[in-house]
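**Student:** You'll find final.csv just under this line, and it carries CSV, C-alpha atoms.
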chain,number,residue,atom,x,y,z
K,1,MET,CA,-2.1,-12.5,-42.0
K,2,ASN,CA,-2.6,-9.8,-39.4
K,3,GLN,CA,-6.3,-9.0,-39.0
K,4,THR,CA,-7.2,-5.5,-37.6
K,5,TYR,CA,-10.4,-5.0,-35.6
K,6,PRO,CA,-12.4,-1.8,-35.3
K,7,PHE,CA,-11.9,0.5,-32.3
K,8,TYR,CA,-15.4,0.0,-30.8
K,9,LEU,CA,-14.8,-3.8,-30.8
K,10,LYS,CA,-11.5,-3.4,-29.0
K,11,LEU,CA,-13.0,-1.0,-26.5
K,12,SER,CA,-15.9,-3.3,-25.8
K,13,CYS,CA,-13.5,-6.2,-25.2
K,14,VAL,CA,-11.4,-4.1,-22.8
K,15,LEU,CA,-14.4,-2.9,-20.8
K,16,ILE,CA,-15.9,-6.4,-20.6
K,17,SER,CA,-12.6,-7.8,-19.4
K,18,ILE,CA,-12.3,-5.1,-16.7
K,19,VAL,CA,-15.8,-5.8,-15.4
K,20,VAL,CA,-15.3,-9.6,-15.4
K,21,LEU,CA,-11.9,-9.3,-13.6
K,22,GLY,CA,-13.4,-6.8,-11.1
K,23,PHE,CA,-16.3,-9.2,-10.4
K,24,PHE,CA,-13.9,-12.2,-9.8
K,25,ALA,CA,-11.7,-10.0,-7.7
K,26,ILE,CA,-14.6,-9.1,-5.4
K,27,ILE,CA,-16.0,-12.6,-5.0
K,28,GLY,CA,-12.5,-14.1,-4.7
K,29,GLU,CA,-11.1,-11.7,-2.1
K,30,GLN,CA,-10.5,-14.4,0.5
K,31,ILE,CA,-8.3,-16.4,-1.8
K,32,PHE,CA,-6.7,-13.7,-4.0
K,33,VAL,CA,-5.5,-11.4,-1.2
K,34,PRO,CA,-3.5,-14.0,0.8
K,35,MET,CA,-2.3,-15.6,-2.5
K,36,ILE,CA,-0.9,-12.3,-3.8
K,37,LEU,CA,0.6,-11.5,-0.4
K,38,GLY,CA,2.1,-15.0,-0.3
K,39,LEU,CA,3.6,-14.5,-3.7
K,40,LEU,CA,5.3,-11.3,-2.6
K,41,VAL,CA,6.6,-12.9,0.6
K,42,ALA,CA,7.8,-15.9,-1.4
K,43,ILE,CA,9.7,-13.7,-3.9
K,44,LEU,CA,11.3,-11.9,-0.9
K,45,LEU,CA,12.3,-15.2,0.8
K,46,THR,CA,13.6,-16.9,-2.4
K,47,PRO,CA,17.2,-15.7,-1.9
K,48,LEU,CA,17.2,-17.1,1.7
K,49,SER,CA,15.8,-20.4,0.5
K,50,ARG,CA,18.4,-20.7,-2.3
K,51,PHE,CA,21.1,-19.9,0.2
K,52,MET,CA,20.0,-22.7,2.5
K,53,GLU,CA,19.8,-25.1,-0.4
K,54,LYS,CA,23.2,-24.3,-1.9
K,55,ARG,CA,25.3,-23.5,1.1
K,56,LEU,CA,23.7,-25.6,3.9
K,57,ARG,CA,22.6,-28.4,1.6
K,58,PHE,CA,19.0,-28.3,2.8
K,59,PRO,CA,16.4,-30.0,0.7
K,60,ARG,CA,13.9,-27.6,-0.9
K,61,SER,CA,11.1,-28.6,1.4
K,62,LEU,CA,13.1,-27.9,4.5
K,63,SER,CA,14.5,-24.6,3.3
K,64,SER,CA,11.0,-23.5,2.3
K,65,ILE,CA,9.6,-24.4,5.8
K,66,VAL,CA,12.5,-22.7,7.6
K,67,ALA,CA,12.3,-19.5,5.6
K,68,SER,CA,8.5,-19.3,6.0
K,69,LEU,CA,8.7,-19.9,9.8
K,70,LEU,CA,11.5,-17.4,10.2
K,71,ALA,CA,9.4,-14.7,8.4
K,72,LEU,CA,6.3,-15.6,10.4
K,73,ALA,CA,8.3,-15.4,13.7
K,74,ILE,CA,9.5,-11.9,12.9
K,75,ILE,CA,6.0,-10.7,12.0
K,76,GLY,CA,4.6,-12.4,15.1
K,77,GLY,CA,7.3,-10.7,17.3
K,78,VAL,CA,6.3,-7.3,16.0
K,79,ILE,CA,2.6,-8.1,16.6
K,80,TYR,CA,3.3,-9.4,20.1
K,81,GLY,CA,5.3,-6.2,21.0
K,82,ILE,CA,2.4,-4.0,19.8
K,83,SER,CA,-0.2,-6.0,21.6
K,84,MET,CA,1.8,-5.7,24.9
K,85,GLN,CA,1.9,-2.0,24.5
K,86,VAL,CA,-1.9,-1.9,23.8
K,87,ALA,CA,-2.5,-4.0,26.9
K,88,LYS,CA,-0.6,-1.4,29.0
K,89,LEU,CA,-2.6,1.4,27.3
K,90,SER,CA,-5.7,0.1,29.0
K,91,ASN,CA,-4.2,1.1,32.4
K,92,ASP,CA,-4.4,4.7,31.3
K,93,TRP,CA,-8.1,4.6,30.5
K,94,PRO,CA,-9.1,6.5,33.7
K,95,GLN,CA,-6.7,9.3,32.7
K,96,PHE,CA,-8.2,9.4,29.2
K,97,GLN,CA,-11.7,9.7,30.8
K,98,LYS,CA,-10.5,12.6,32.9
K,99,GLN,CA,-8.9,14.4,30.0
K,100,PHE,CA,-12.0,13.8,27.9
K,101,ILE,CA,-14.3,15.2,30.6
K,102,THR,CA,-12.2,18.3,31.0
K,103,LEU,CA,-12.1,18.9,27.2
K,104,THR,CA,-15.9,18.3,27.0
K,105,ASP,CA,-16.5,20.8,29.8
K,106,ASP,CA,-14.4,23.4,28.1
K,107,LEU,CA,-16.0,22.8,24.8
K,108,GLN,CA,-19.5,23.1,26.3
K,109,SER,CA,-18.6,26.4,27.9
K,110,TRP,CA,-17.2,27.7,24.6
K,111,ILE,CA,-20.4,26.6,22.7
K,112,SER,CA,-22.6,28.2,25.3
K,113,LYS,CA,-20.8,31.5,25.1
K,114,THR,CA,-20.3,31.6,21.3
K,115,PHE,CA,-23.7,30.2,20.1
K,116,GLY,CA,-25.9,30.7,23.1
K,117,VAL,CA,-26.8,27.0,23.4
K,118,ARG,CA,-27.5,26.1,27.0
K,119,ARG,CA,-25.5,23.4,28.7
K,120,ARG,CA,-28.7,21.5,29.6
K,121,ASP,CA,-29.6,21.3,25.9
K,122,GLN,CA,-26.1,20.1,25.0
K,123,LEU,CA,-26.3,17.3,27.7
K,124,GLU,CA,-29.7,16.2,26.4
K,125,TYR,CA,-28.3,15.9,22.9
K,126,LEU,CA,-25.2,14.0,24.1
K,127,ASN,CA,-27.5,11.6,26.1
K,128,ASP,CA,-29.6,10.8,23.0
K,129,THR,CA,-26.4,10.2,21.0
K,130,ALA,CA,-25.0,7.9,23.7
K,131,LYS,CA,-28.2,5.9,23.8
K,132,LYS,CA,-28.0,5.3,20.1
K,133,SER,CA,-24.3,4.4,20.3
K,134,ILE,CA,-25.0,1.9,23.1
K,135,SER,CA,-27.8,0.2,21.1
K,136,THR,CA,-25.2,-0.5,18.3
K,137,GLY,CA,-22.5,-1.6,20.8
K,138,THR,CA,-23.1,-5.3,20.1
K,139,ALA,CA,-22.7,-4.8,16.4
K,140,ILE,CA,-19.4,-2.9,16.9
K,141,LEU,CA,-18.1,-5.7,19.1
K,142,GLU,CA,-19.1,-8.3,16.6
K,143,SER,CA,-17.3,-6.4,13.8
K,144,ALA,CA,-14.2,-6.0,15.9
K,145,LEU,CA,-14.1,-9.8,16.6
K,146,LYS,CA,-14.6,-10.5,12.9
K,147,SER,CA,-11.7,-8.2,12.0
K,148,ILE,CA,-9.4,-10.0,14.4
K,149,GLY,CA,-10.4,-13.3,13.0
K,150,TYR,CA,-9.9,-12.1,9.5
K,151,ILE,CA,-6.4,-10.8,10.3
K,152,LEU,CA,-5.4,-14.1,11.8
K,153,MET,CA,-6.8,-16.1,8.9
K,154,LEU,CA,-5.1,-13.7,6.4
K,155,THR,CA,-1.8,-14.1,8.1
K,156,GLY,CA,-2.0,-17.9,8.3
K,157,PHE,CA,-3.0,-18.4,4.6
K,158,THR,CA,-0.5,-15.8,3.5
K,159,PHE,CA,2.4,-17.8,4.9
K,160,LEU,CA,0.9,-21.0,3.8
K,161,PHE,CA,0.8,-19.8,0.2
K,162,ALA,CA,4.3,-18.4,0.6
K,163,LEU,CA,5.5,-21.9,1.7
K,164,PHE,CA,4.0,-23.6,-1.3
K,165,PHE,CA,5.2,-20.9,-3.8
K,166,LEU,CA,8.7,-21.5,-2.4
K,167,LEU,CA,8.3,-25.2,-2.6
K,168,TYR,CA,6.9,-25.3,-6.2
K,169,ARG,CA,8.6,-22.2,-7.7
K,170,THR,CA,10.4,-24.2,-10.4
K,171,HIS,CA,7.3,-26.2,-11.2
K,172,LEU,CA,5.3,-22.9,-11.6
K,173,LEU,CA,7.9,-21.4,-13.8
K,174,LYS,CA,7.9,-24.4,-16.1
K,175,PHE,CA,4.1,-24.1,-16.3
K,176,LEU,CA,4.3,-20.4,-17.3
K,177,VAL,CA,6.9,-21.2,-20.0
K,178,ALA,CA,4.8,-24.2,-21.3
K,179,SER,CA,1.7,-22.0,-21.6
K,180,PHE,CA,3.3,-20.0,-24.5
K,181,THR,CA,4.8,-20.9,-27.8
K,182,GLU,CA,8.5,-21.3,-28.1
K,183,SER,CA,8.9,-17.9,-29.8
K,184,HIS,CA,7.6,-16.2,-26.6
K,185,HIS,CA,9.7,-18.2,-24.1
K,186,LYS,CA,12.4,-15.5,-24.0
K,187,THR,CA,9.8,-12.9,-23.2
K,188,VAL,CA,8.3,-15.0,-20.5
K,189,PHE,CA,11.7,-15.5,-18.8
K,190,GLU,CA,12.4,-11.7,-19.0
K,191,VAL,CA,9.0,-10.9,-17.5
K,192,VAL,CA,9.5,-13.4,-14.6
K,193,HIS,CA,13.0,-12.2,-13.9
K,194,SER,CA,12.0,-8.5,-14.0
K,195,ILE,CA,9.1,-9.1,-11.7
K,196,GLN,CA,11.3,-11.0,-9.2
K,197,PHE,CA,14.0,-8.3,-9.3
K,198,MET,CA,11.5,-5.5,-8.9
K,199,VAL,CA,9.4,-7.0,-6.1
K,200,LYS,CA,12.5,-8.0,-4.2
K,201,LYS,CA,14.1,-4.6,-4.5
K,202,TYR,CA,10.8,-2.8,-3.8
K,203,LEU,CA,10.0,-4.9,-0.7
K,204,VAL,CA,13.5,-4.5,0.7
K,205,GLY,CA,13.4,-0.8,0.1
K,206,LEU,CA,10.0,-0.6,1.7
K,207,PHE,CA,11.2,-2.5,4.7
K,208,LEU,CA,14.2,-0.1,5.0
K,209,GLN,CA,11.9,2.9,4.7
K,210,MET,CA,9.7,1.5,7.4
K,211,ILE,CA,12.7,0.9,9.7
K,212,ILE,CA,14.1,4.4,9.1
K,213,VAL,CA,10.7,6.1,9.7
K,214,THR,CA,10.2,4.0,12.9
K,215,ILE,CA,13.6,5.0,14.3
K,216,LEU,CA,13.0,8.7,13.5
K,217,SER,CA,9.5,8.5,15.1
K,218,LEU,CA,10.9,6.7,18.2
K,219,ILE,CA,13.6,9.4,18.6
K,220,ALA,CA,11.0,12.2,18.2
K,221,TYR,CA,8.5,10.6,20.6
K,222,THR,CA,11.2,10.0,23.2
K,223,ILE,CA,12.3,13.6,23.0
K,224,ILE,CA,8.8,14.8,23.3
K,225,GLY,CA,8.1,12.5,26.3
K,226,VAL,CA,5.3,10.3,24.9
K,227,LYS,CA,4.5,7.4,27.2
K,228,TYR,CA,4.0,4.7,24.5
K,229,ASN,CA,6.7,5.9,22.2
K,230,PHE,CA,7.7,2.4,21.0
K,231,MET,CA,4.2,1.4,20.0
K,232,LEU,CA,3.5,4.7,18.3
K,233,ALA,CA,6.8,4.6,16.4
K,234,ILE,CA,6.0,1.1,15.0
K,235,ILE,CA,2.5,2.1,14.1
K,236,THR,CA,3.8,5.2,12.3
K,237,GLY,CA,6.4,3.2,10.4
K,238,ILE,CA,3.9,0.5,9.3
K,239,LEU,CA,1.1,3.0,8.3
K,240,ASN,CA,3.6,5.1,6.4
K,241,ILE,CA,3.7,2.3,3.8
K,242,LEU,CA,0.2,3.4,2.7
K,243,PRO,CA,0.8,6.2,0.2
K,244,TYR,CA,-0.8,9.6,1.1
K,245,ILE,CA,-3.3,8.5,3.7
K,246,GLY,CA,-1.2,6.3,6.0
K,247,ILE,CA,0.6,9.3,7.6
K,248,PHE,CA,-2.8,10.9,8.4
K,249,ILE,CA,-4.0,7.8,10.2
K,250,ALA,CA,-0.8,7.6,12.1
K,251,LEU,CA,-1.2,11.3,13.0
K,252,LEU,CA,-4.7,10.7,14.3
K,253,ILE,CA,-3.7,7.6,16.4
K,254,GLY,CA,-0.7,9.4,17.8
K,255,ALA,CA,-2.7,12.5,18.7
K,256,LEU,CA,-5.4,10.5,20.5
K,257,ILE,CA,-3.0,8.4,22.5
K,258,THR,CA,-0.9,11.4,23.4
K,259,PHE,CA,-4.0,13.3,24.5
K,260,ALA,CA,-5.0,10.5,26.7
K,261,THR,CA,-1.6,10.2,28.4
K,262,ALA,CA,0.1,13.6,28.3
K,263,GLY,CA,-2.4,16.3,27.5
K,264,ILE,CA,-3.1,18.8,24.7
K,265,SER,CA,0.3,20.6,24.9
K,266,HIS,CA,2.1,17.4,23.8
K,267,VAL,CA,-0.3,16.8,20.9
K,268,LEU,CA,0.9,19.9,19.1
K,269,PHE,CA,4.5,18.6,19.3
K,270,ILE,CA,3.4,15.2,18.0
K,271,VAL,CA,1.7,16.8,15.0
K,272,ILE,CA,4.8,18.9,14.3
K,273,ALA,CA,7.1,15.8,14.6
K,274,ILE,CA,5.0,13.6,12.3
K,275,VAL,CA,4.8,16.4,9.7
K,276,VAL,CA,8.6,16.8,9.8
K,277,ILE,CA,9.2,13.1,9.6
K,278,HIS,CA,6.8,12.8,6.6
K,279,ALA,CA,8.6,15.7,4.9
K,280,ILE,CA,12.0,13.9,5.4
K,281,ASP,CA,10.5,10.6,4.2
K,282,GLY,CA,8.9,12.1,1.1
K,283,ASN,CA,11.9,14.2,0.0
K,284,ILE,CA,14.9,12.2,1.1
K,285,ILE,CA,14.1,8.6,2.2
K,286,MET,CA,11.4,7.6,-0.3
K,287,PRO,CA,13.2,8.8,-3.5
K,288,ARG,CA,16.5,7.3,-2.5
K,289,VAL,CA,15.3,4.0,-1.0
K,290,VAL,CA,12.1,3.1,-2.8
K,291,GLY,CA,11.4,5.6,-5.5
K,292,SER,CA,14.0,4.2,-8.0
K,293,LYS,CA,12.5,0.7,-7.8
K,294,VAL,CA,9.0,1.4,-8.9
K,295,LYS,CA,8.2,4.1,-11.5
K,296,ILE,CA,4.5,4.5,-11.4
K,297,ASN,CA,3.1,8.0,-11.8
K,298,SER,CA,1.0,9.6,-9.0
K,299,LEU,CA,-2.3,9.7,-11.0
K,300,ILE,CA,-2.2,5.9,-11.5
K,301,VAL,CA,-1.3,5.3,-7.9
K,302,ILE,CA,-4.2,7.4,-6.6
K,303,ILE,CA,-6.6,5.6,-9.0
K,304,GLY,CA,-5.2,2.3,-7.9
K,305,LEU,CA,-5.5,3.1,-4.2
K,306,VAL,CA,-9.2,4.0,-4.7
K,307,ILE,CA,-9.9,0.8,-6.7
K,308,GLY,CA,-7.9,-1.3,-4.3
K,309,GLU,CA,-9.8,0.0,-1.3
K,310,MET,CA,-13.1,-0.6,-3.1
K,311,LEU,CA,-12.2,-4.2,-3.9
K,312,TRP,CA,-10.3,-5.4,-0.9
K,313,GLY,CA,-10.2,-2.7,1.7
K,314,ILE,CA,-7.0,-1.9,3.6
K,315,ALA,CA,-5.3,-5.0,2.1
K,316,GLY,CA,-6.1,-3.8,-1.4
K,317,MET,CA,-4.4,-0.5,-0.6
K,318,PHE,CA,-1.2,-2.3,0.6
K,319,LEU,CA,-1.1,-4.4,-2.6
K,320,THR,CA,-1.8,-1.5,-5.0
K,321,ILE,CA,1.8,-0.4,-5.8
K,322,PRO,CA,3.3,-3.9,-6.2
K,323,VAL,CA,0.4,-5.1,-8.4
K,324,LEU,CA,0.6,-1.9,-10.5
K,325,ALA,CA,4.4,-2.4,-10.9
K,326,ILE,CA,3.9,-6.0,-12.0
K,327,LEU,CA,1.3,-5.0,-14.5
K,328,LYS,CA,3.6,-2.3,-15.9
K,329,ILE,CA,6.4,-4.8,-16.4
K,330,ILE,CA,4.0,-7.1,-18.3
K,331,PHE,CA,2.5,-4.3,-20.4
K,332,ASP,CA,6.0,-3.0,-21.3
K,333,ARG,CA,7.0,-6.3,-22.8
K,334,VAL,CA,3.8,-7.6,-24.4
K,335,GLU,CA,3.1,-6.4,-28.0
K,336,GLY,CA,0.0,-4.3,-28.2
K,337,LEU,CA,0.0,-3.3,-24.5
K,338,GLN,CA,3.1,-1.0,-24.5
K,339,SER,CA,0.9,2.1,-24.5
K,340,TRP,CA,-0.7,1.1,-21.3
K,341,GLY,CA,2.7,0.6,-19.7
K,342,PHE,CA,3.7,4.1,-20.9
K,343,LEU,CA,0.4,5.5,-19.3
K,344,MET,CA,1.3,4.0,-16.0
K,345,GLY,CA,4.9,5.1,-15.9
K,346,GLU,CA,6.8,8.4,-15.7
K,347,ASP,CA,9.0,8.1,-18.8
K,348,ASP,CA,9.2,11.1,-21.1
K,349,GLU,CA,9.8,9.0,-24.2
K,350,VAL,CA,7.0,7.0,-25.9
K,351,PRO,CA,8.7,3.7,-26.7
K,352,VAL,CA,6.2,2.4,-29.3
K,353,PHE,CA,5.3,5.5,-31.2
K,354,LYS,CA,8.5,7.5,-30.7
K,355,SER,CA,9.1,8.0,-34.4
K,356,THR,CA,5.5,9.1,-35.0
K,357,PHE,CA,5.7,11.7,-32.2
K,358,ASP,CA,9.1,12.9,-33.4
K,359,LYS,CA,7.7,13.6,-36.9
K,360,TYR,CA,4.6,15.3,-35.4
K,361,PHE,CA,6.7,17.7,-33.2
K,362,GLN,CA,9.1,18.4,-36.1
K,363,MET,CA,6.2,19.3,-38.3
K,364,LYS,CA,4.8,21.6,-35.5
K,365,LYS,CA,8.1,23.3,-35.1
K,366,ALA,CA,8.3,23.9,-38.9
K,367,GLU,CA,4.8,25.4,-38.9
K,368,LEU,CA,5.7,27.8,-36.0
K,369,LYS,CA,8.8,28.9,-37.8
K,370,SER,CA,6.9,29.6,-41.0
K,371,ASP,CA,4.3,31.6,-39.0
K,372,GLU,CA,7.0,33.7,-37.4
K,373,ILE,CA,8.5,34.5,-40.9
K,374,ILE,CA,5.1,35.5,-42.3
K,375,GLU,CA,4.5,37.8,-39.3
K,376,GLU,CA,7.9,39.5,-39.7
K,377,ASN,CA,7.2,40.1,-43.4
Could you write out this file's structure as structure tokens?

**Tutor:**
Amino acid sequence: MNQTYPFYLKLSCVLISIVVLGFFAIIGEQIFVPMILGLLVAILLTPLSRFMEKRLRFPRSLSSIVASLLALAIIGGVIYGISMQVAKLSNDWPQFQKQFITLTDDLQSWISKTFGVRRRDQLEYLNDTAKKSISTGTAILESALKSIGYILMLTGFTFLFALFFLLYRTHLLKFLVASFTESHHKTVFEVVHSIQFMVKKYLVGLFLQMIIVTILSLIAYTIIGVKYNFMLAIITGILNILPYIGIFIALLIGALITFATAGISHVLFIVIAIVVIHAIDGNIIMPRVVGSKVKINSLIVIIGLVIGEMLWGIAGMFLTIPVLAILKIIFDRVEGLQSWGFLMGEDDEVPVFKSTFDKYFQMKKAELKSDEIIEEN
């Protein structure tokens, strides 16, 4: 016998569930973030692990270790290349100081002529600000060291989780199936298969998008004559993964480094190049390579980015789209949650209430036709 509950009770349960899940997400950030990242990496590495098990006759433990170490070596190589470029950037610090002093002198002259503020008053204000900044220097250095330690810890635990997910993937699948009644086993298999397919296609598409944007950026920076073109190209490709705001961060970093090494004239070309690359990515690369894999509407993406940043910072923003896509797959296949899946997607049809909507719109059309006939008479 199906029992129906009043709307206010359902709403209360939904709100309480959201608050509880958000609370656990905040206090469990250090385990949830590397666990989700490890799950995504494990899904991406599963075909490689299966290939080594079937073709090369590797045991599952060895194939999981080799696949995880290979992925870690690739990520480590990219980080090492960027760190070497950053180390070389320190050699241009005197040039950056010279450029900054020149810009400051010109800015002081403009303020003095435009607003009538004397250069002596401007220098006093700058000295007061500098003293306040120096007093917080220790805190800034401590935060930077904590960030580096957090990144290293996150990377280590991510690939550790990926290793164990690869090793126990069959065991975990059996656990999921055993957690539901036999009548729902088919749905569980469909959800798991759809999540694996979507995540694999999405991550591969995202990786291809990152490579294409990196190559386009490298070509543009080389033509412009930027000194650290390789590092800036990689940073632009990686930050482009962040929807909407990543390209602005890449633009800011590229403009600052170009200003320090080449001058203001090259900064304008950098801005134009990044805007053009972003336009090509948004209109050509993204729809063809990534857009067809994940169908989440822009409103939900923006809300998810804000919530992800509030919960887990930059890592939460990186995980927003994959997590939303996984939730949409689950909502689309679980009875009673299809409306939430429709809300997150971009489909024109309403899968659950299509017949109701068709009757409603047919009735509205009939009413409009009757009104037109009355007006004509």

**Student:** How far is it from CA of Phe342 (chain K) to CA of Ile43 (chain K), in Å with one decimal?

**Tutor:**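 Here the two named atoms are 25.3 Å from each other.
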
**Student:** Rounded to one decimal place, report the CA of Leu172 (chain K)-CA of Val14 (chain K) distance in Å.

**Tutor:**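 Atom-to-atom, CA of Leu172 (chain K) to CA of Val14 (chain K), that is 27.5 Å.
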
**Student:** Of the residues K:Ile195, K:Leu252, K:Leu37, K:Ile223, which is the one nearest to Thr155 (chain K), using all atoms listed in the file?

**Tutor:**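 Result for the nearest residue to Thr155 (chain K): K:Leu37.
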
**Student:** For a quick check of understanding, using all atoms listed in the file, which of K:Gly341, K:Gly316, K:Gly282, K:Gly336 has the smallest distance to Ile36 (chain K)?

**Tutor:**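 Residue with the minimum atom-to-atom distance to Ile36 (chain K): K:Gly316.
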
**Student:** Compare K:Ile326, K:Ile65, K:Ala25, K:Leu337 by their minimum atom-to-atom distance to Tyr202 (chain K), counting all atoms listed in the file, and give me the closest one.

**Tutor:**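 Among the listed residues, K:Ile326 lies closest to Tyr202 (chain K).
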
**Student:** I'd like the interatomic distance between CA of Arg55 (chain K) and CA of Leu208 (chain K), to a tenth of an Å.

**Tutor:**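 For CA of Arg55 (chain K) relative to CA of Leu208 (chain K), the distance reads 26.2 Å.
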
**Student:** In terms of the shortest atom-to-atom distance over only C-alpha atoms, which of K:Tyr150, K:Phe58, K:Tyr5, K:Phe161 is closest to Met35 (chain K)?

**Tutor:**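 Closest to Met35 (chain K) of all the choices is K:Phe161.
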
**Student:** Val275 (chain K): which residues within 9 Å, counting only C-alpha atoms, same-chain residues fewer than 5 positions away excluded, as an MDAnalysis selection string?

**Tutor:** chainID K and resid 247 251 270 280

**Student:** In terms of the shortest atom-to-atom distance over only C-alpha atoms, which of K:Lys200, K:Arg60, K:Arg333, K:His266 is closest to Tyr168 (chain K)?

**Tutor:**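 Smallest distance to Tyr168 (chain K) is found for K:Arg60.
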